[in-house]
Every structure is written in C-alpha cells, then in structure tokens.
Amino acid sequence: MGTAQAGAVAILCAARRGLPVTWHTSGEVKAAVTGDGGAGRAQVGAGVTRLLRLDAPPEPAGALALAICHIRRAPVSYRPQRAHAAARPAPALVRLGKDTSR
C-alpha cells in the first residue's frame with residue numbers, strides 16, 4: 001500500500017466517524033515555520049527549533065512543522081465549537097436485555 005492509499009484510508013475512517021479532516025500543502029507548512037514556502041529541510045528544522053525553543057533540531061521536524069501549521073491556520077471560529085463538543089458528557093449507557101417494565 002502506498003502513502004497516498006494509506007492517507008486515503010485514514011481520511012475515510014475519519015469521515016465515517018464525522019471527524020474533520022484538514023489538508024495543508026508542503027508550501028503552507030514550510031511558510032508557517034520559516035516564512036518561506038520554498039524552504040528546505042534544514043530551514044524547516046531550524047524554524048521548528050526556534051519556534052519550540054529547543055536546543056537542537058528535532059528528528060521529526062516535518063511532523064512538528066505540520067502540527068504548528070495546523071494550529072496557526074485553524075479557523076478561529078471553529079475552535080470554540082470543537083471545545084464545546086469535547087466538553088459534552090458522554091451519552092448514558094443503555095442496558096440491553098429483557099424489558100421488565102411491562
């Protein structure tokens with residue numbers, strides 16, 4: 001299975017559960033951490049190191065850059081809705097079995 005196919009499976013699973021999916025291009029990610037959409041790996045690593053105040057560039061700099069990009073680009077109006085949805089209590093469990101209320 002290729003990377004694109006694996007990504008499609010993850011998106012399908014999220015969609016089936018009603019979870020939002022957001023896409024970011026590599027240029028958006030690079031621009032979010034370096035200010036330059038054409039930055040190289042070393043520049044992205046340096047940008048992540050600076051933004052997260054790390055001592056050295058992290059090994060998964062690309063993954064961290066994607067997370068930083070997502071946080072910076074998340075619609076402000078969507079954040080309260082997500083927080084409210086996360087704070088909702090879980091639905092009560094219903095016991096399955098013989099109905100004795102009759």
# chains A, B, ... in the order shown; residues from 1 in each chain; ligands from 1
call {"tool": "residues_around", "arguments": {"residues": "stretch 17-27 of chain A", "least_positions_apart": "4", "cutoff": "12 Å", "atoms": "only C-alpha atoms", "output": "PyMOL selection string"}}
result
chain A and resi 7-8+10-13+31-41+44+62-63+65-75+78+81-82+85-86
call {"tool": "write_last_selection", "arguments": {"atoms": "N, CA and C atoms", "output": "mmCIF file, in the first residue's frame"}}
result
data_model
loop_
_atom_site.group_PDB
_atom_site.id
_atom_site.type_symbol
_atom_site.label_atom_id
_atom_site.label_comp_id
_atom_site.auth_asym_id
_atom_site.auth_seq_id
_atom_site.Cartn_x
_atom_site.Cartn_y
_atom_site.Cartn_z
ATOM 1 N N GLY A 7 -3.075 7.274 3.347
ATOM 2 C CA GLY A 7 -3.707 8.541 3.720
ATOM 3 C C GLY A 7 -5.191 8.525 3.421
ATOM 4 N N ALA A 8 -5.565 7.941 2.292
ATOM 5 C CA ALA A 8 -6.977 7.850 1.932
ATOM 6 C C ALA A 8 -7.750 6.990 2.920
ATOM 7 N N ALA A 10 -7.027 6.615 6.112
ATOM 8 C CA ALA A 10 -7.172 7.423 7.329
ATOM 9 C C ALA A 10 -8.287 8.455 7.165
ATOM 10 N N ILE A 11 -8.376 9.077 5.999
ATOM 11 C CA ILE A 11 -9.413 10.075 5.739
ATOM 12 C C ILE A 11 -10.782 9.422 5.725
ATOM 13 N N LEU A 12 -10.883 8.261 5.115
ATOM 14 C CA LEU A 12 -12.153 7.535 5.086
ATOM 15 C C LEU A 12 -12.614 7.181 6.498
ATOM 16 N N CYS A 13 -11.701 6.695 7.321
ATOM 17 C CA CYS A 13 -12.048 6.350 8.709
ATOM 18 C C CYS A 13 -12.520 7.581 9.475
ATOM 19 N N ALA A 31 5.996 27.612 5.010
ATOM 20 C CA ALA A 31 5.788 29.040 5.261
ATOM 21 C C ALA A 31 5.386 29.300 6.709
ATOM 22 N N ALA A 32 4.647 28.375 7.308
ATOM 23 C CA ALA A 32 4.192 28.555 8.687
ATOM 24 C C ALA A 32 5.343 28.568 9.679
ATOM 25 N N VAL A 33 6.422 27.829 9.379
ATOM 26 C CA VAL A 33 7.533 27.758 10.338
ATOM 27 C C VAL A 33 8.753 28.569 9.914
ATOM 28 N N THR A 34 8.864 28.905 8.616
ATOM 29 C CA THR A 34 10.050 29.641 8.169
ATOM 30 C C THR A 34 9.729 30.981 7.519
ATOM 31 N N GLY A 35 8.484 31.152 7.082
ATOM 32 C CA GLY A 35 8.124 32.355 6.352
ATOM 33 C C GLY A 35 8.394 32.227 4.865
ATOM 34 N N ASP A 36 8.933 31.072 4.447
ATOM 35 C CA ASP A 36 9.266 30.825 3.051
ATOM 36 C C ASP A 36 8.685 29.481 2.631
ATOM 37 N N GLY A 37 7.729 29.503 1.696
ATOM 38 C CA GLY A 37 7.092 28.273 1.236
ATOM 39 C C GLY A 37 8.004 27.348 0.466
ATOM 40 N N GLY A 38 9.179 27.835 0.084
ATOM 41 C CA GLY A 38 10.134 27.011 -0.643
ATOM 42 C C GLY A 38 11.322 26.590 0.203
ATOM 43 N N ALA A 39 11.184 26.665 1.517
ATOM 44 C CA ALA A 39 12.301 26.348 2.419
ATOM 45 C C ALA A 39 12.680 24.874 2.318
ATOM 46 N N GLY A 40 13.951 24.602 2.610
ATOM 47 C CA GLY A 40 14.444 23.230 2.617
ATOM 48 C C GLY A 40 14.300 22.596 3.990
ATOM 49 N N ARG A 41 14.680 21.328 4.064
ATOM 50 C CA ARG A 41 14.564 20.583 5.334
ATOM 51 C C ARG A 41 15.337 21.247 6.472
ATOM 52 N N VAL A 44 13.444 24.239 7.694
ATOM 53 C CA VAL A 44 12.255 23.832 8.461
ATOM 54 C C VAL A 44 12.686 23.368 9.847
ATOM 55 N N GLY A 62 9.471 17.623 10.353
ATOM 56 C CA GLY A 62 8.356 17.756 9.418
ATOM 57 C C GLY A 62 7.008 17.565 10.095
ATOM 58 N N ALA A 63 6.910 16.581 10.962
ATOM 59 C CA ALA A 63 5.655 16.322 11.673
ATOM 60 C C ALA A 63 5.331 17.478 12.624
ATOM 61 N N ALA A 65 6.371 20.544 12.254
ATOM 62 C CA ALA A 65 6.045 21.691 11.403
ATOM 63 C C ALA A 65 4.591 21.613 10.943
ATOM 64 N N LEU A 66 4.126 20.418 10.616
ATOM 65 C CA LEU A 66 2.731 20.236 10.217
ATOM 66 C C LEU A 66 1.786 20.593 11.364
ATOM 67 N N ALA A 67 2.122 20.170 12.569
ATOM 68 C CA ALA A 67 1.291 20.495 13.735
ATOM 69 C C ALA A 67 1.263 22.007 13.976
ATOM 70 N N ILE A 68 2.400 22.653 13.859
ATOM 71 C CA ILE A 68 2.475 24.108 14.035
ATOM 72 C C ILE A 68 1.628 24.798 12.974
ATOM 73 N N CYS A 69 1.733 24.348 11.731
ATOM 74 C CA CYS A 69 0.951 24.924 10.635
ATOM 75 C C CYS A 69 -0.542 24.765 10.914
ATOM 76 N N HIS A 70 -0.934 23.588 11.358
ATOM 77 C CA HIS A 70 -2.354 23.336 11.614
ATOM 78 C C HIS A 70 -2.889 24.254 12.710
ATOM 79 N N ILE A 71 -2.126 24.402 13.766
ATOM 80 C CA ILE A 71 -2.552 25.282 14.864
ATOM 81 C C ILE A 71 -2.669 26.721 14.384
ATOM 82 N N ARG A 72 -1.715 27.158 13.600
ATOM 83 C CA ARG A 72 -1.731 28.546 13.121
ATOM 84 C C ARG A 72 -2.838 28.804 12.112
ATOM 85 N N ARG A 73 -3.230 27.805 11.348
ATOM 86 C CA ARG A 73 -4.212 28.003 10.294
ATOM 87 C C ARG A 73 -5.621 27.580 10.689
ATOM 88 N N ALA A 74 -5.801 26.974 11.851
ATOM 89 C CA ALA A 74 -7.134 26.537 12.267
ATOM 90 C C ALA A 74 -8.059 27.743 12.354
ATOM 91 N N PRO A 75 -9.221 27.654 11.746
ATOM 92 C CA PRO A 75 -10.160 28.785 11.809
ATOM 93 C C PRO A 75 -10.517 29.117 13.256
ATOM 94 N N TYR A 78 -13.900 28.033 14.482
ATOM 95 C CA TYR A 78 -14.107 26.605 14.651
ATOM 96 C C TYR A 78 -13.631 26.112 16.016
ATOM 97 N N GLN A 81 -16.322 25.691 18.845
ATOM 98 C CA GLN A 81 -17.225 24.575 18.551
ATOM 99 C C GLN A 81 -16.561 23.254 18.932
ATOM 100 N N ARG A 82 -15.282 23.106 18.623
ATOM 101 C CA ARG A 82 -14.573 21.876 18.966
ATOM 102 C C ARG A 82 -14.462 21.730 20.478
ATOM 103 N N ALA A 85 -17.835 20.678 21.834
ATOM 104 C CA ALA A 85 -18.123 19.283 21.513
ATOM 105 C C ALA A 85 -17.317 18.341 22.406
ATOM 106 N N ALA A 86 -16.081 18.695 22.695
ATOM 107 C CA ALA A 86 -15.241 17.853 23.540
ATOM 108 C C ALA A 86 -15.706 17.866 24.987
#
call {"tool": "atom_distance", "arguments": {"atom1": "atom CA of A:Asp55", "atom2": "atom CA of A:Val29"}}
result
21.4 Å
call {"tool": "atom_distance", "arguments": {"atom1": "atom CA of A:Ala6", "atom2": "atom CA of A:Val48"}}
result
26.1 Å
call {"tool": "atom_distance", "arguments": {"atom1": "atom CA of A:Met1", "atom2": "atom CA of A:Ala61"}}
result
24.5 Å
